[in-house]
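Engineer: To be precise about what I am sending: the file is called data.cif and holds mmCIF, C-alpha atoms.
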```cif
data_run
loop_
_atom_site.label_atom_id
_atom_site.label_comp_id
_atom_site.auth_asym_id
_atom_site.auth_seq_id
_atom_site.Cartn_x
_atom_site.Cartn_y
_atom_site.Cartn_z
CA MET A 9 -215.03 107.55 80.90
CA GLN A 10 -217.69 109.57 79.16
CA VAL A 11 -220.28 112.00 80.49
CA LEU A 12 -223.51 110.87 78.81
CA LYS A 13 -225.82 113.47 80.33
CA ARG A 14 -225.62 116.25 82.89
CA GLU A 15 -228.77 118.12 83.91
CA ASN A 16 -230.62 119.23 87.05
CA GLY A 17 -227.69 118.13 89.20
CA VAL A 18 -227.78 114.54 87.89
CA ILE A 19 -224.73 113.21 86.07
CA LEU A 20 -224.87 110.03 83.98
CA LEU A 21 -221.41 108.55 83.34
CA ARG A 22 -220.16 105.57 81.36
CA PHE A 23 -216.90 103.79 82.18
CA ASP A 24 -215.53 101.45 79.52
CA ARG A 25 -213.71 98.12 79.45
CA GLY A 26 -210.25 98.25 81.02
CA GLU A 27 -210.80 101.38 83.11
CA SER A 28 -209.90 101.33 86.79
CA PHE A 29 -212.96 101.70 88.95
CA PRO A 30 -213.70 103.54 91.21
CA GLY A 31 -210.33 105.22 90.51
CA ALA A 32 -211.61 106.70 87.23
CA LEU A 33 -214.61 108.14 89.09
CA ALA A 34 -212.33 109.77 91.68
CA ASP A 35 -210.23 111.19 88.81
CA TYR A 36 -213.37 112.63 87.17
CA CYS A 37 -214.38 114.27 90.46
CA ALA A 38 -210.91 115.80 90.91
CA GLU A 39 -210.74 117.05 87.30
CA THR A 40 -214.19 118.66 87.43
CA GLY A 41 -213.99 119.97 91.01
CA LEU A 42 -216.88 117.80 92.18
CA GLU A 43 -216.55 117.59 95.98
CA SER A 44 -219.90 116.25 97.20
CA ALA A 45 -222.34 113.84 95.56
CA VAL A 46 -224.60 110.87 96.12
CA VAL A 47 -223.96 107.90 93.85
CA LEU A 48 -227.53 106.86 93.16
CA CYS A 49 -226.99 103.64 91.21
CA GLY A 50 -224.71 101.81 88.86
CA ILE A 51 -224.91 98.78 86.59
CA GLY A 52 -222.41 96.84 84.49
CA MET A 53 -219.61 94.33 85.00
CA LEU A 54 -216.36 94.35 86.99
CA SER A 55 -213.38 91.99 87.30
CA GLY A 56 -210.38 91.80 89.59
CA THR A 57 -212.66 93.28 92.21
CA VAL A 58 -211.39 93.99 95.72
CA ILE A 59 -214.23 94.25 98.23
CA GLY A 60 -214.16 94.45 101.99
CA ARG A 61 -216.15 94.31 105.17
CA TYR A 62 -215.51 96.62 108.13
CA ASP A 63 -215.60 94.93 111.54
CA GLY A 64 -215.55 98.13 113.60
CA ARG A 65 -211.74 98.33 113.68
CA GLU A 66 -210.44 97.42 110.23
CA TYR A 67 -211.41 96.06 106.84
CA THR A 68 -211.16 92.41 105.87
CA ARG A 69 -210.61 92.25 102.11
CA THR A 70 -211.13 89.64 99.45
CA VAL A 71 -210.33 89.59 95.73
CA LEU A 72 -212.91 88.37 93.21
CA ASP A 73 -211.04 87.68 89.96
CA ASP A 74 -213.92 86.68 87.66
CA SER A 75 -216.00 89.07 85.60
CA LEU A 76 -219.06 89.74 87.77
CA GLU A 77 -222.42 91.40 87.09
CA VAL A 78 -223.11 94.50 89.20
CA LEU A 79 -226.44 94.00 90.97
CA SER A 80 -226.27 97.14 93.07
CA LEU A 81 -223.83 100.03 93.32
CA GLN A 82 -224.30 103.11 95.48
CA GLY A 83 -222.43 105.46 97.78
CA ASN A 84 -221.19 109.02 97.98
CA VAL A 85 -218.40 111.42 97.15
CA SER A 86 -216.81 113.65 99.78
CA MET A 87 -213.48 115.30 100.44
CA LYS A 88 -210.82 113.37 102.38
CA GLU A 89 -207.43 114.94 103.08
CA GLY A 90 -208.01 117.55 100.37
CA ALA A 91 -209.00 115.17 97.55
CA PRO A 92 -212.29 113.66 96.37
CA TYR A 93 -213.00 110.36 98.12
CA VAL A 94 -215.41 107.91 96.47
CA HIS A 95 -217.13 105.64 99.01
CA LEU A 96 -219.00 102.84 97.26
CA HIS A 97 -220.72 99.61 98.24
CA VAL A 98 -221.39 96.96 95.64
CA SER A 99 -223.32 93.71 95.23
CA LEU A 100 -222.08 91.38 92.49
CA ALA A 101 -223.29 88.10 90.95
CA ASP A 102 -221.14 85.35 89.45
CA HIS A 103 -221.98 82.86 86.68
CA ASP A 104 -223.82 80.65 89.22
CA PHE A 105 -225.97 83.62 90.33
CA THR A 106 -224.23 83.68 93.71
CA ALA A 107 -224.09 87.19 95.15
CA ARG A 108 -221.18 88.76 97.04
CA GLY A 109 -220.81 92.30 98.23
CA GLY A 110 -219.15 94.89 100.41
CA HIS A 111 -217.13 98.08 100.32
CA LEU A 112 -215.63 98.50 96.84
CA PHE A 113 -211.90 99.21 97.01
CA GLU A 114 -210.85 98.63 93.41
CA ALA A 115 -211.77 96.79 90.23
CA GLU A 116 -211.43 96.88 86.48
CA VAL A 117 -214.39 97.50 84.22
CA SER A 118 -214.84 94.24 82.30
CA MET A 119 -217.74 95.33 80.07
CA VAL A 120 -219.15 98.72 81.06
CA ILE A 121 -220.24 100.65 84.15
CA GLU A 122 -223.16 103.04 83.77
CA LEU A 123 -223.49 105.24 86.82
CA ALA A 124 -225.88 107.98 87.92
CA MET A 125 -225.02 110.46 90.63
CA LEU A 126 -226.54 113.56 92.11
CA GLU A 127 -224.16 116.47 92.60
CA LEU A 128 -224.51 118.27 95.94
CA SER A 129 -223.18 121.62 97.07
CA PRO A 130 -219.62 121.36 98.43
CA GLY A 131 -219.09 120.59 102.08
CA LEU A 132 -219.14 116.83 102.66
CA VAL A 133 -215.86 115.80 104.31
CA ARG A 134 -214.35 112.66 105.85
CA ARG A 135 -212.66 112.99 109.24
CA PRO A 136 -210.68 110.33 111.15
CA ALA A 137 -212.83 108.59 113.75
CA GLY A 138 -210.51 105.81 114.96
CA GLY A 139 -208.88 102.86 113.23
CA ASP A 140 -209.59 102.70 109.52
CA PHE A 141 -212.88 104.56 109.93
CA TRP A 142 -213.37 108.07 108.51
CA ARG A 143 -216.71 109.61 109.48
CA LEU A 144 -218.74 111.53 106.90
CA GLU A 145 -219.56 115.03 108.12
CA ALA A 146 -221.38 118.02 106.66
CA PRO A 147 -221.13 121.70 107.49
CA GLN A 148 -223.54 123.05 110.08
CA THR A 149 -226.40 125.00 108.51
#
```
Please rewrite the model in this file as C-alpha cells.
Structural biologist:
Amino acid sequence: MQVLKRENGVILLRFDRGESFPGALADYCAETGLESAVVLCGIGMLSGTVIGRYDGREYTRTVLDDSLEVLSLQGNVSMKEGAPYVHLHVSLADHDFTARGGHLFEAEVSMVIELAMLELSPGLVRRPAGGDFWRLEAPQT
C-alpha cells in the first residue's frame, strides 16, 4: 500500500497485486490513527472476492474466484470494538461484462486498487443493533 497524495482531508491510496483488501486498508487506518472517513471511490481489480448480502438478520456470502474489474467501490471507516472498521460495498464485472456486487468482506488485489477517501474528525462508531448488524452512529453535536 502506498499513500499517493494527502491534502485537504483527501487521501489517495494505491494497493498493489497480492495485498489483502480491505484488510490492508484497515491496517493503514489503525497504523495512522484514522478513525472516521468516507471512502469516496475506488477502481482496480480483485480476485478471491467474498461479497455478501444482508437480509435483515444475517449475511449470505458468496466467493467470486476470478479476477474481476471494480466498477464501483465506496463506504466508510468507523470504530468498532476499539479498532478501525472498514465498511465497503463493491460492484464488480467479469470477463462477460456481468456485474455482481454486495458488501465486501475480503479479497486479494489482482492488479491494483486506487482508492480515494475523505478523512473526518473522530467520532464515528459501530454499535450492536441485533443479529449481525452494527449501526453507524456519530457523536451528538
Engineer: Please write the residues picked by the PyMOL selection byres ((chain A and resi 87-94) around 12) on this file as a VMD selection string.
Structural biologist: chain A and resid 29 to 47 81 to 86 95 to 97 111 to 114 125 130 to 136 141 to 146
Engineer: Which residues are near Ile121 in chain A? Cut-off 10 Å, all atoms listed in the file, ignore same chain within fewer than 4 positions. Put them as an NGL selection string.
Structural biologist: :A and (9 or 21-25 or 27 or 29 or 50-54 or 77-78 or 81 or 116-117)
Engineer: If the PyMOL selection byres ((chain A and resi 65) around 9) is run on the structure shown, which residues does it catch, given as a list in words?
Structural biologist: Tyr62, Asp63, Gly64, Glu66, Tyr67, Gly138, Gly139, Asp140 and Phe141 of chain A
Engineer: Compile the contact shell of Leu20 in chain A as a ChimeraX atom specification: residues with an atom at most 6 Å away, counting all atoms listed in the file, same-chain residues fewer than 2 positions apart removed.
Structural biologist: /A:12-13,123-124
Engineer: So what do you get for CA of Leu72 in chain A versus CA of Ser55 in chain A, distance-wise?
Structural biologist: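 Separation between CA of Leu72 in chain A and CA of Ser55 in chain A: 6.9 Å.
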Engineer: Quick one: distance from CA of Ala101 in chain A to CA of Leu79 in chain A in Å, one decimal?
Structural biologist: 6.7 Å
Engineer: What gap, in Å, lies between CA of Val11 in chain A and CA of Cys49 in chain A?
Structural biologist: 15.2 Å
Engineer: Can you pull out the residues contacting Asp102 in chain A? Cut-off 8 Å, using all atoms listed in the file, and skip same-chain residues under 2 positions away; I want them as a PDB file with C-alpha atoms, in the coordinates of the input.
Structural biologist:
```pdb
ATOM      1  CA  ASP A  74    -213.920  86.680  87.660  1.00  0.00           C
ATOM      2  CA  SER A  75    -216.000  89.070  85.600  1.00  0.00           C
ATOM      3  CA  LEU A  76    -219.060  89.740  87.770  1.00  0.00           C
ATOM      4  CA  GLU A  77    -222.420  91.400  87.090  1.00  0.00           C
ATOM      5  CA  LEU A 100    -222.080  91.380  92.490  1.00  0.00           C
ATOM      6  CA  ASP A 104    -223.820  80.650  89.220  1.00  0.00           C
ATOM      7  CA  PHE A 105    -225.970  83.620  90.330  1.00  0.00           C
ATOM      8  CA  THR A 106    -224.230  83.680  93.710  1.00  0.00           C
ATOM      9  CA  ALA A 107    -224.090  87.190  95.150  1.00  0.00           C
TER      10      ALA A 107
END
```
Engineer: Starting from the incomplete input, reconstruct N, CA and C atoms of range 104-129 of chain A and write that as a PDB file, in the frame of the given file.
Structural biologist:
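part-v1.pdb, written as the output of this step:
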```
ATOM      1  N   ASP A 104    -222.875  81.536  88.545  1.00  0.00           N
ATOM      2  CA  ASP A 104    -223.820  80.650  89.220  1.00  0.00           C
ATOM      3  C   ASP A 104    -224.941  81.422  89.921  1.00  0.00           C
ATOM      4  N   PHE A 105    -224.979  82.736  89.716  1.00  0.00           N
ATOM      5  CA  PHE A 105    -225.970  83.620  90.330  1.00  0.00           C
ATOM      6  C   PHE A 105    -225.774  83.753  91.837  1.00  0.00           C
ATOM      7  N   THR A 106    -224.565  83.486  92.300  1.00  0.00           N
ATOM      8  CA  THR A 106    -224.230  83.680  93.710  1.00  0.00           C
ATOM      9  C   THR A 106    -223.810  85.133  93.897  1.00  0.00           C
ATOM     10  N   ALA A 107    -224.369  85.769  94.912  1.00  0.00           N
ATOM     11  CA  ALA A 107    -224.090  87.190  95.150  1.00  0.00           C
ATOM     12  C   ALA A 107    -223.044  87.361  96.246  1.00  0.00           C
ATOM     13  N   ARG A 108    -222.180  88.352  96.053  1.00  0.00           N
ATOM     14  CA  ARG A 108    -221.180  88.760  97.040  1.00  0.00           C
ATOM     15  C   ARG A 108    -221.189  90.279  97.073  1.00  0.00           C
ATOM     16  N   GLY A 109    -220.812  90.847  98.189  1.00  0.00           N
ATOM     17  CA  GLY A 109    -220.810  92.300  98.230  1.00  0.00           C
ATOM     18  C   GLY A 109    -220.033  92.861  99.383  1.00  0.00           C
ATOM     19  N   GLY A 110    -219.850  94.178  99.356  1.00  0.00           N
ATOM     20  CA  GLY A 110    -219.150  94.890 100.410  1.00  0.00           C
ATOM     21  C   GLY A 110    -218.678  96.245  99.913  1.00  0.00           C
ATOM     22  N   HIS A 111    -217.766  96.814 100.688  1.00  0.00           N
ATOM     23  CA  HIS A 111    -217.130  98.080 100.320  1.00  0.00           C
ATOM     24  C   HIS A 111    -216.263  97.828  99.095  1.00  0.00           C
ATOM     25  N   LEU A 112    -216.400  98.664  98.066  1.00  0.00           N
ATOM     26  CA  LEU A 112    -215.630  98.500  96.840  1.00  0.00           C
ATOM     27  C   LEU A 112    -214.326  99.289  96.939  1.00  0.00           C
ATOM     28  N   PHE A 113    -213.209  98.564  96.966  1.00  0.00           N
ATOM     29  CA  PHE A 113    -211.900  99.210  97.010  1.00  0.00           C
ATOM     30  C   PHE A 113    -211.360  99.474  95.610  1.00  0.00           C
ATOM     31  N   GLU A 114    -211.362  98.449  94.768  1.00  0.00           N
ATOM     32  CA  GLU A 114    -210.850  98.630  93.410  1.00  0.00           C
ATOM     33  C   GLU A 114    -211.343  97.499  92.523  1.00  0.00           C
ATOM     34  N   ALA A 115    -211.363  97.775  91.233  1.00  0.00           N
ATOM     35  CA  ALA A 115    -211.770  96.790  90.230  1.00  0.00           C
ATOM     36  C   ALA A 115    -211.376  97.314  88.862  1.00  0.00           C
ATOM     37  N   GLU A 116    -211.593  96.471  87.875  1.00  0.00           N
ATOM     38  CA  GLU A 116    -211.430  96.880  86.480  1.00  0.00           C
ATOM     39  C   GLU A 116    -212.761  96.674  85.790  1.00  0.00           C
ATOM     40  N   VAL A 117    -213.149  97.633  84.982  1.00  0.00           N
ATOM     41  CA  VAL A 117    -214.390  97.500  84.220  1.00  0.00           C
ATOM     42  C   VAL A 117    -214.178  96.397  83.186  1.00  0.00           C
ATOM     43  N   SER A 118    -215.020  95.351  83.230  1.00  0.00           N
ATOM     44  CA  SER A 118    -214.840  94.240  82.300  1.00  0.00           C
ATOM     45  C   SER A 118    -215.810  94.299  81.119  1.00  0.00           C
ATOM     46  N   MET A 119    -216.831  95.107  81.204  1.00  0.00           N
ATOM     47  CA  MET A 119    -217.740  95.330  80.070  1.00  0.00           C
ATOM     48  C   MET A 119    -218.042  96.832  79.997  1.00  0.00           C
ATOM     49  N   VAL A 120    -218.797  97.311  80.969  1.00  0.00           N
ATOM     50  CA  VAL A 120    -219.150  98.720  81.060  1.00  0.00           C
ATOM     51  C   VAL A 120    -219.658  98.965  82.478  1.00  0.00           C
ATOM     52  N   ILE A 121    -219.537 100.195  82.946  1.00  0.00           N
ATOM     53  CA  ILE A 121    -220.240 100.650  84.150  1.00  0.00           C
ATOM     54  C   ILE A 121    -221.004 101.898  83.749  1.00  0.00           C
ATOM     55  N   GLU A 122    -222.307 101.873  83.989  1.00  0.00           N
ATOM     56  CA  GLU A 122    -223.160 103.040  83.770  1.00  0.00           C
ATOM     57  C   GLU A 122    -223.610 103.498  85.146  1.00  0.00           C
ATOM     58  N   LEU A 123    -223.324 104.754  85.454  1.00  0.00           N
ATOM     59  CA  LEU A 123    -223.490 105.240  86.820  1.00  0.00           C
ATOM     60  C   LEU A 123    -224.221 106.575  86.826  1.00  0.00           C
ATOM     61  N   ALA A 124    -225.172 106.715  87.742  1.00  0.00           N
ATOM     62  CA  ALA A 124    -225.880 107.980  87.920  1.00  0.00           C
ATOM     63  C   ALA A 124    -225.568 108.535  89.288  1.00  0.00           C
ATOM     64  N   MET A 125    -225.248 109.825  89.332  1.00  0.00           N
ATOM     65  CA  MET A 125    -225.020 110.460  90.630  1.00  0.00           C
ATOM     66  C   MET A 125    -225.625 111.841  90.653  1.00  0.00           C
ATOM     67  N   LEU A 126    -225.940 112.257  91.869  1.00  0.00           N
ATOM     68  CA  LEU A 126    -226.540 113.560  92.110  1.00  0.00           C
ATOM     69  C   LEU A 126    -225.502 114.450  92.759  1.00  0.00           C
ATOM     70  N   GLU A 127    -225.149 115.528  92.057  1.00  0.00           N
ATOM     71  CA  GLU A 127    -224.160 116.470  92.600  1.00  0.00           C
ATOM     72  C   GLU A 127    -224.797 117.306  93.701  1.00  0.00           C
ATOM     73  N   LEU A 128    -224.078 117.460  94.810  1.00  0.00           N
ATOM     74  CA  LEU A 128    -224.510 118.270  95.940  1.00  0.00           C
ATOM     75  C   LEU A 128    -223.616 119.494  96.060  1.00  0.00           C
ATOM     76  N   SER A 129    -224.061 120.482  96.817  1.00  0.00           N
ATOM     77  CA  SER A 129    -223.180 121.620  97.070  1.00  0.00           C
ATOM     78  C   SER A 129    -221.980 121.148  97.869  1.00  0.00           C
TER      79      SER A 129
END
```
